[in-house]
Amino acid sequence: MKAWICNAFGEVPQWVDVPDLAPSVLQPGQVLIDVAACGVNFADTLILQGKYQKRPEGPFSPGFEVSGTVRAVGDDVSHVKPGDAVMAMPDWGGYAEQVVADGSLVMPLPNGVDFNSAAAFQIAYGTSWFALKYRADVKPGEVVLVHGAAGGVGLTAVECAKLLGATVIATAGGADKCQIARDHGADHVIDYKSENIRDRVREITASLGQPKGVDVVYDPVGGDVFDQSLRCVAPGARMLLIGFASGTVPQIPANILLVKNVTAIGFYFGAYLEQNADIAQAGMAELLERLKSGAIRPMISAVYRLEDAMDALTAIRERTATGKLVIDCRPNR
């Protein structure tokens, strides 16, 4: 099979032929999948640098979310069988024509859900849904500030916050990206390239009858964006730390947390799934039902061939992508 293989952290992955994975290599509880599509995430760039929370040992392929067809199952796997269309979240390995995933993170695809949507949906929507619903406990009527709202994760946060009944203030860079956030349900949009986030948030919340600030911040950016956010939250607010796409990890001034009774909540989706298996299954079932019904709709802005996967990573690294990027991993397409 073909795959992108990284031999050492910091090196550019190589496009190589590797042996097909044989069913005999499966351990109990594992599933072998012929990959149809793989979602592209900012975390793919981190794992290649050795900066991700999990670090592979030896050569590896990036890629955390896939869809495809089951080729074989290990012992103790009964919820899927060979030939089933599935989605899965392997630890890594999705930039390839085949991958092995833990069966607990493999789910059958409902009729009507296509491979590209399934690959574009799991991590971005899962991160936003679980963070907003289960960690921040967003309630109807609350005001949620979403940063990076035209990106793969931020855009899903806009949709998920609206599903939970919140009023959404979104930030994005440039008129086109701001329009994308509006099109996906944002009630108010701030162009951070031409407007001061802190000042505009205060103006908007005052107009909403909530002059003390927002209730929840969803921040996948970090850096100065986090610092500005901390100064426009209401007492008792919750700040969700999703990631640091700016490249700067904020140093939180604890005195502000103390004085305003603000809670800073870290959220790493992969660890949350492992630590909360029952909630994970229920939450992903909720999302699949909403995907099937059309209540959520992944915005796939581009689909790349597997051999062009590094171009997709460049778009993510340079923050030129909007919505979600997907890699078509099927051979001869």
# chains A, B, ... in the order shown; residues from 1 in each chain; ligands from 1
call {"tool": "residues_around", "arguments": {"residues": "A:Gly74", "least_positions_apart": "4", "cutoff": "7 Å", "atoms": "only C-alpha atoms", "output": "PyMOL selection string"}}
result
chain A and resi 26-31
call {"tool": "closest_atom_pairs", "arguments": {"of": "stretch 224-327 of chain A", "to": "stretch 63-73 of chain A", "cutoff": "12 Å", "atoms": "only C-alpha atoms", "output": "tab-separated table"}}
result
residue	atom	partner	partner_atom	distance
A:Phe269	CA	A:Phe64	CA	11.4
A:Gly270	CA	A:Phe64	CA	9.5
A:Leu306	CA	A:Gly63	CA	11.4
A:Ala309	CA	A:Gly63	CA	10.3
A:Met310	CA	A:Gly63	CA	11.7
A:Ala312	CA	A:Gly63	CA	11.8
A:Leu313	CA	A:Gly63	CA	10.7
A:Leu325	CA	A:Glu65	CA	11.8
A:Val326	CA	A:Val66	CA	9.5
A:Ile327	CA	A:Val66	CA	9.3
call {"tool": "write_last_selection", "arguments": {"atoms": "N, CA, C and O atoms", "output": "mmCIF file, in the first residue's frame"}}
result
data_model
loop_
_atom_site.group_PDB
_atom_site.id
_atom_site.type_symbol
_atom_site.label_atom_id
_atom_site.label_comp_id
_atom_site.auth_asym_id
_atom_site.auth_seq_id
_atom_site.Cartn_x
_atom_site.Cartn_y
_atom_site.Cartn_z
ATOM 1 N N PHE A 269 -9.367 16.326 23.293
ATOM 2 C CA PHE A 269 -10.436 15.400 22.920
ATOM 3 C C PHE A 269 -10.008 13.941 23.051
ATOM 4 O O PHE A 269 -10.747 13.111 23.582
ATOM 5 N N GLY A 270 -8.803 13.612 22.563
ATOM 6 C CA GLY A 270 -8.372 12.219 22.595
ATOM 7 C C GLY A 270 -8.342 11.655 24.004
ATOM 8 O O GLY A 270 -8.835 10.554 24.270
ATOM 9 N N LEU A 306 -4.300 11.463 -1.966
ATOM 10 C CA LEU A 306 -3.354 11.037 -0.930
ATOM 11 C C LEU A 306 -1.933 11.475 -1.272
ATOM 12 O O LEU A 306 -1.190 11.929 -0.394
ATOM 13 N N ALA A 309 -1.043 15.021 -0.064
ATOM 14 C CA ALA A 309 -1.398 15.321 1.323
ATOM 15 C C ALA A 309 -0.526 16.409 1.937
ATOM 16 O O ALA A 309 -0.986 17.170 2.794
ATOM 17 N N MET A 310 0.724 16.507 1.536
ATOM 18 C CA MET A 310 1.591 17.526 2.119
ATOM 19 C C MET A 310 1.138 18.939 1.741
ATOM 20 O O MET A 310 1.388 19.893 2.488
ATOM 21 N N ALA A 312 -1.983 19.802 1.647
ATOM 22 C CA ALA A 312 -3.025 20.069 2.639
ATOM 23 C C ALA A 312 -2.416 20.505 3.962
ATOM 24 O O ALA A 312 -2.897 21.447 4.607
ATOM 25 N N LEU A 313 -1.345 19.844 4.366
ATOM 26 C CA LEU A 313 -0.678 20.224 5.616
ATOM 27 C C LEU A 313 -0.103 21.629 5.536
ATOM 28 O O LEU A 313 -0.126 22.374 6.519
ATOM 29 N N LEU A 325 -10.308 20.334 5.566
ATOM 30 C CA LEU A 325 -9.618 19.705 4.455
ATOM 31 C C LEU A 325 -9.681 18.192 4.630
ATOM 32 O O LEU A 325 -9.569 17.680 5.750
ATOM 33 N N VAL A 326 -9.836 17.487 3.514
ATOM 34 C CA VAL A 326 -9.960 16.028 3.536
ATOM 35 C C VAL A 326 -9.017 15.439 2.493
ATOM 36 O O VAL A 326 -8.822 16.015 1.412
ATOM 37 N N ILE A 327 -8.430 14.294 2.818
ATOM 38 C CA ILE A 327 -7.564 13.563 1.898
ATOM 39 C C ILE A 327 -8.318 12.313 1.417
ATOM 40 O O ILE A 327 -8.807 11.530 2.242
#
call {"tool": "closest_residue", "arguments": {"among": "A:Pro62, A:Gly223, A:Gly50, A:Gly266", "to": "A:Ile5", "atoms": "only C-alpha atoms"}}
result
A:Pro62
call {"tool": "atom_distance", "arguments": {"atom1": "atom CA of A:Phe244", "atom2": "atom CA of A:Thr320"}}
result
16.1 Å
call {"tool": "closest_residue", "arguments": {"among": "A:Ala136, A:Ala181, A:Ala264, A:Ala43", "to": "A:Ile123", "atoms": "only C-alpha atoms"}}
result
A:Ala43
call {"tool": "closest_residue", "arguments": {"among": "A:Pro331, A:Pro23, A:Gly39, A:Pro90", "to": "A:Asn116", "atoms": "only C-alpha atoms"}}
result
A:Gly39
call {"tool": "residues_around", "arguments": {"residues": "stretch 163-177 of chain A", "least_positions_apart": "5", "cutoff": "7 Å", "atoms": "only C-alpha atoms", "output": "PyMOL selection string"}}
result
chain A and resi 138-150+158+186-193
call {"tool": "residues_around", "arguments": {"residues": "A:Gly243", "least_positions_apart": "4", "cutoff": "8 Å", "atoms": "only C-alpha atoms", "output": "PyMOL selection string"}}
result
chain A and resi 219-222
call {"tool": "select_by_dssp", "arguments": {"residues": "stretch 13-249 of chain A", "states": "helix (DSSP H, G or I)", "output": "MDAnalysis selection string"}}
result
chainID A and resid 23:25 42:49 103:105 115:135 154:163 175:183 197:207 223:230
call {"tool": "write_last_selection", "arguments": {"atoms": "C-alpha atoms", "output": "PDB file, in the first residue's frame"}}
result
ATOM      1  CA  PRO A  23      -5.393  -9.481   9.169  1.00  0.00           C
ATOM      2  CA  SER A  24      -3.020 -11.700  11.154  1.00  0.00           C
ATOM      3  CA  VAL A  25      -1.358  -8.612  12.686  1.00  0.00           C
ATOM      4  CA  PHE A  42      -3.552  21.157  12.943  1.00  0.00           C
ATOM      5  CA  ALA A  43      -2.474  18.366  15.296  1.00  0.00           C
ATOM      6  CA  ASP A  44      -1.028  16.532  12.283  1.00  0.00           C
ATOM      7  CA  THR A  45       1.623  19.240  12.049  1.00  0.00           C
ATOM      8  CA  LEU A  46       2.375  18.893  15.758  1.00  0.00           C
ATOM      9  CA  ILE A  47       2.838  15.121  15.776  1.00  0.00           C
ATOM     10  CA  LEU A  48       5.300  15.413  12.891  1.00  0.00           C
ATOM     11  CA  GLN A  49       7.379  17.759  15.039  1.00  0.00           C
ATOM     12  CA  GLY A 103     -12.358  -1.089  18.002  1.00  0.00           C
ATOM     13  CA  SER A 104     -13.718   1.150  20.768  1.00  0.00           C
ATOM     14  CA  LEU A 105     -13.078   4.149  18.507  1.00  0.00           C
ATOM     15  CA  PHE A 115     -16.957   8.941   3.561  1.00  0.00           C
ATOM     16  CA  ASN A 116     -15.710  12.514   3.160  1.00  0.00           C
ATOM     17  CA  SER A 117     -18.235  13.915   5.644  1.00  0.00           C
ATOM     18  CA  ALA A 118     -17.384  11.195   8.149  1.00  0.00           C
ATOM     19  CA  ALA A 119     -13.661  11.923   7.866  1.00  0.00           C
ATOM     20  CA  ALA A 120     -14.241  15.672   8.172  1.00  0.00           C
ATOM     21  CA  PHE A 121     -16.501  15.417  11.169  1.00  0.00           C
ATOM     22  CA  GLN A 122     -15.113  13.406  14.041  1.00  0.00           C
ATOM     23  CA  ILE A 123     -12.358  15.443  15.668  1.00  0.00           C
ATOM     24  CA  ALA A 124     -13.560  18.956  14.839  1.00  0.00           C
ATOM     25  CA  TYR A 125     -17.181  18.412  15.837  1.00  0.00           C
ATOM     26  CA  GLY A 126     -16.241  16.029  18.628  1.00  0.00           C
ATOM     27  CA  THR A 127     -13.889  18.604  20.126  1.00  0.00           C
ATOM     28  CA  SER A 128     -16.489  21.369  20.002  1.00  0.00           C
ATOM     29  CA  TRP A 129     -19.478  19.313  21.120  1.00  0.00           C
ATOM     30  CA  PHE A 130     -17.793  17.659  24.084  1.00  0.00           C
ATOM     31  CA  ALA A 131     -15.973  20.834  25.133  1.00  0.00           C
ATOM     32  CA  LEU A 132     -19.040  23.061  24.997  1.00  0.00           C
ATOM     33  CA  LYS A 133     -21.661  20.609  26.239  1.00  0.00           C
ATOM     34  CA  TYR A 134     -19.834  18.344  28.657  1.00  0.00           C
ATOM     35  CA  ARG A 135     -16.943  20.485  29.906  1.00  0.00           C
ATOM     36  CA  GLY A 154     -13.756  27.027  15.269  1.00  0.00           C
ATOM     37  CA  LEU A 155     -16.469  26.734  12.642  1.00  0.00           C
ATOM     38  CA  THR A 156     -17.831  23.611  14.312  1.00  0.00           C
ATOM     39  CA  ALA A 157     -17.861  25.455  17.644  1.00  0.00           C
ATOM     40  CA  VAL A 158     -20.151  28.090  16.124  1.00  0.00           C
ATOM     41  CA  GLU A 159     -22.577  25.388  15.001  1.00  0.00           C
ATOM     42  CA  CYS A 160     -22.420  23.396  18.239  1.00  0.00           C
ATOM     43  CA  ALA A 161     -22.900  26.463  20.440  1.00  0.00           C
ATOM     44  CA  LYS A 162     -25.976  27.405  18.400  1.00  0.00           C
ATOM     45  CA  LEU A 163     -27.350  23.869  18.780  1.00  0.00           C
ATOM     46  CA  ALA A 175     -14.202  39.714   5.267  1.00  0.00           C
ATOM     47  CA  ASP A 176     -14.449  36.337   3.528  1.00  0.00           C
ATOM     48  CA  LYS A 177     -13.766  34.362   6.700  1.00  0.00           C
ATOM     49  CA  CYS A 178     -16.171  36.528   8.680  1.00  0.00           C
ATOM     50  CA  GLN A 179     -18.890  35.757   6.143  1.00  0.00           C
ATOM     51  CA  ILE A 180     -18.254  32.030   6.522  1.00  0.00           C
ATOM     52  CA  ALA A 181     -18.833  32.356  10.272  1.00  0.00           C
ATOM     53  CA  ARG A 182     -22.086  34.259   9.640  1.00  0.00           C
ATOM     54  CA  ASP A 183     -23.246  31.661   7.135  1.00  0.00           C
ATOM     55  CA  ILE A 197     -11.478  41.975  20.018  1.00  0.00           C
ATOM     56  CA  ARG A 198     -11.782  43.169  23.601  1.00  0.00           C
ATOM     57  CA  ASP A 199     -13.460  46.467  22.724  1.00  0.00           C
ATOM     58  CA  ARG A 200     -15.877  44.951  20.227  1.00  0.00           C
ATOM     59  CA  VAL A 201     -16.885  42.125  22.547  1.00  0.00           C
ATOM     60  CA  ARG A 202     -17.683  44.650  25.260  1.00  0.00           C
ATOM     61  CA  GLU A 203     -19.784  46.678  22.810  1.00  0.00           C
ATOM     62  CA  ILE A 204     -21.684  43.616  21.634  1.00  0.00           C
ATOM     63  CA  THR A 205     -22.368  42.204  25.093  1.00  0.00           C
ATOM     64  CA  ALA A 206     -23.543  45.635  26.260  1.00  0.00           C
ATOM     65  CA  SER A 207     -26.009  45.682  23.373  1.00  0.00           C
ATOM     66  CA  GLY A 223      -1.465  33.996  22.490  1.00  0.00           C
ATOM     67  CA  ASP A 224      -2.784  37.547  22.408  1.00  0.00           C
ATOM     68  CA  VAL A 225      -6.286  36.302  21.557  1.00  0.00           C
ATOM     69  CA  PHE A 226      -6.480  34.556  24.920  1.00  0.00           C
ATOM     70  CA  ASP A 227      -5.180  37.617  26.746  1.00  0.00           C
ATOM     71  CA  GLN A 228      -7.837  39.836  25.165  1.00  0.00           C
ATOM     72  CA  SER A 229     -10.540  37.281  25.917  1.00  0.00           C
ATOM     73  CA  LEU A 230      -9.680  37.124  29.579  1.00  0.00           C
TER      74      LEU A 230
END
call {"tool": "atom_distance", "arguments": {"atom1": "atom CA of A:Ile252", "atom2": "atom CA of A:Thr322"}}
result
28.7 Å
call {"tool": "closest_residue", "arguments": {"among": "A:Val106, A:Val86, A:Val262, A:Cys329", "to": "A:Gln281", "atoms": "only C-alpha atoms"}}
result
A:Val106
call {"tool": "residues_around", "arguments": {"residues": "stretch 255-260 of chain A", "least_positions_apart": "3", "cutoff": "7 Å", "atoms": "only C-alpha atoms", "output": "ChimeraX atom specification"}}
result
/A:235-236,263
call {"tool": "write_last_selection", "arguments": {"atoms": "N, CA, C and O atoms", "output": "PDB file, in the first residue's frame"}}
result
ATOM      1  N   PRO A 235     -18.077  37.700  35.243  1.00  0.00           N
ATOM      2  CA  PRO A 235     -17.760  36.914  36.438  1.00  0.00           C
ATOM      3  C   PRO A 235     -18.365  35.517  36.328  1.00  0.00           C
ATOM      4  O   PRO A 235     -19.497  35.336  35.873  1.00  0.00           O
ATOM      5  N   GLY A 236     -17.566  34.520  36.717  1.00  0.00           N
ATOM      6  CA  GLY A 236     -18.035  33.139  36.635  1.00  0.00           C
ATOM      7  C   GLY A 236     -17.896  32.512  35.271  1.00  0.00           C
ATOM      8  O   GLY A 236     -18.390  31.399  35.049  1.00  0.00           O
ATOM      9  N   THR A 263     -13.110  30.252  35.394  1.00  0.00           N
ATOM     10  CA  THR A 263     -12.560  28.903  35.329  1.00  0.00           C
ATOM     11  C   THR A 263     -11.866  28.702  33.989  1.00  0.00           C
ATOM     12  O   THR A 263     -12.479  28.929  32.934  1.00  0.00           O
TER      13      THR A 263
END
call {"tool": "select_by_dssp", "arguments": {"residues": "stretch 237-316 of chain A", "states": "strand (DSSP E)", "output": "mmCIF file with N, CA and C atoms, in the first residue's frame"}}
result
data_model
loop_
_atom_site.group_PDB
_atom_site.id
_atom_site.type_symbol
_atom_site.label_atom_id
_atom_site.label_comp_id
_atom_site.auth_asym_id
_atom_site.auth_seq_id
_atom_site.Cartn_x
_atom_site.Cartn_y
_atom_site.Cartn_z
ATOM 1 N N ALA A 237 -17.232 33.193 34.344
ATOM 2 C CA ALA A 237 -17.089 32.671 32.983
ATOM 3 C C ALA A 237 -16.214 31.426 32.952
ATOM 4 N N ARG A 238 -16.350 30.674 31.851
ATOM 5 C CA ARG A 238 -15.522 29.488 31.622
ATOM 6 C C ARG A 238 -14.726 29.699 30.333
ATOM 7 N N MET A 239 -13.425 29.462 30.412
ATOM 8 C CA MET A 239 -12.553 29.630 29.250
ATOM 9 C C MET A 239 -12.024 28.272 28.815
ATOM 10 N N LEU A 240 -12.423 27.858 27.624
ATOM 11 C CA LEU A 240 -12.014 26.567 27.087
ATOM 12 C C LEU A 240 -10.718 26.722 26.303
ATOM 13 N N LEU A 241 -9.676 26.050 26.749
ATOM 14 C CA LEU A 241 -8.378 26.062 26.065
ATOM 15 C C LEU A 241 -8.337 24.854 25.134
ATOM 16 N N THR A 263 -13.110 30.252 35.394
ATOM 17 C CA THR A 263 -12.560 28.903 35.329
ATOM 18 C C THR A 263 -11.866 28.702 33.989
ATOM 19 N N ALA A 264 -10.603 28.300 34.005
ATOM 20 C CA ALA A 264 -9.877 27.929 32.792
ATOM 21 C C ALA A 264 -9.947 26.408 32.652
ATOM 22 N N ILE A 265 -10.470 25.939 31.519
ATOM 23 C CA ILE A 265 -10.728 24.510 31.316
ATOM 24 C C ILE A 265 -9.903 24.018 30.127
ATOM 25 N N GLY A 266 -8.965 23.147 30.387
ATOM 26 C CA GLY A 266 -8.241 22.523 29.292
ATOM 27 C C GLY A 266 -9.075 21.411 28.689
ATOM 28 N N ILE A 300 -16.469 21.243 3.920
ATOM 29 C CA ILE A 300 -15.248 20.704 3.320
ATOM 30 C C ILE A 300 -14.827 21.657 2.208
ATOM 31 N N SER A 301 -13.738 22.372 2.440
ATOM 32 C CA SER A 301 -13.329 23.388 1.475
ATOM 33 C C SER A 301 -12.448 22.827 0.370
ATOM 34 N N ALA A 302 -11.800 21.674 0.614
ATOM 35 C CA ALA A 302 -10.950 21.075 -0.420
ATOM 36 C C ALA A 302 -10.724 19.600 -0.108
ATOM 37 N N VAL A 303 -10.648 18.798 -1.173
ATOM 38 C CA VAL A 303 -10.318 17.377 -1.061
ATOM 39 C C VAL A 303 -9.044 17.128 -1.859
ATOM 40 N N TYR A 304 -8.039 16.570 -1.207
ATOM 41 C CA TYR A 304 -6.747 16.308 -1.823
ATOM 42 C C TYR A 304 -6.586 14.818 -2.093
ATOM 43 N N ARG A 305 -5.856 14.495 -3.137
ATOM 44 C CA ARG A 305 -5.451 13.105 -3.324
ATOM 45 C C ARG A 305 -4.405 12.747 -2.264
#
call {"tool": "atom_distance", "arguments": {"atom1": "atom CA of A:Lys2", "atom2": "atom CA of A:Ala96"}}
result
5.9 Å
call {"tool": "closest_residue", "arguments": {"among": "A:Gly294, A:Gly94, A:Gly10, A:Pro82", "to": "A:Gly112", "atoms": "only C-alpha atoms"}}
result
A:Gly294
call {"tool": "closest_residue", "arguments": {"among": "A:Asn111, A:Asp311, A:Tyr272, A:Cys6", "to": "A:Glu289", "atoms": "only C-alpha atoms"}}
result
A:Asn111
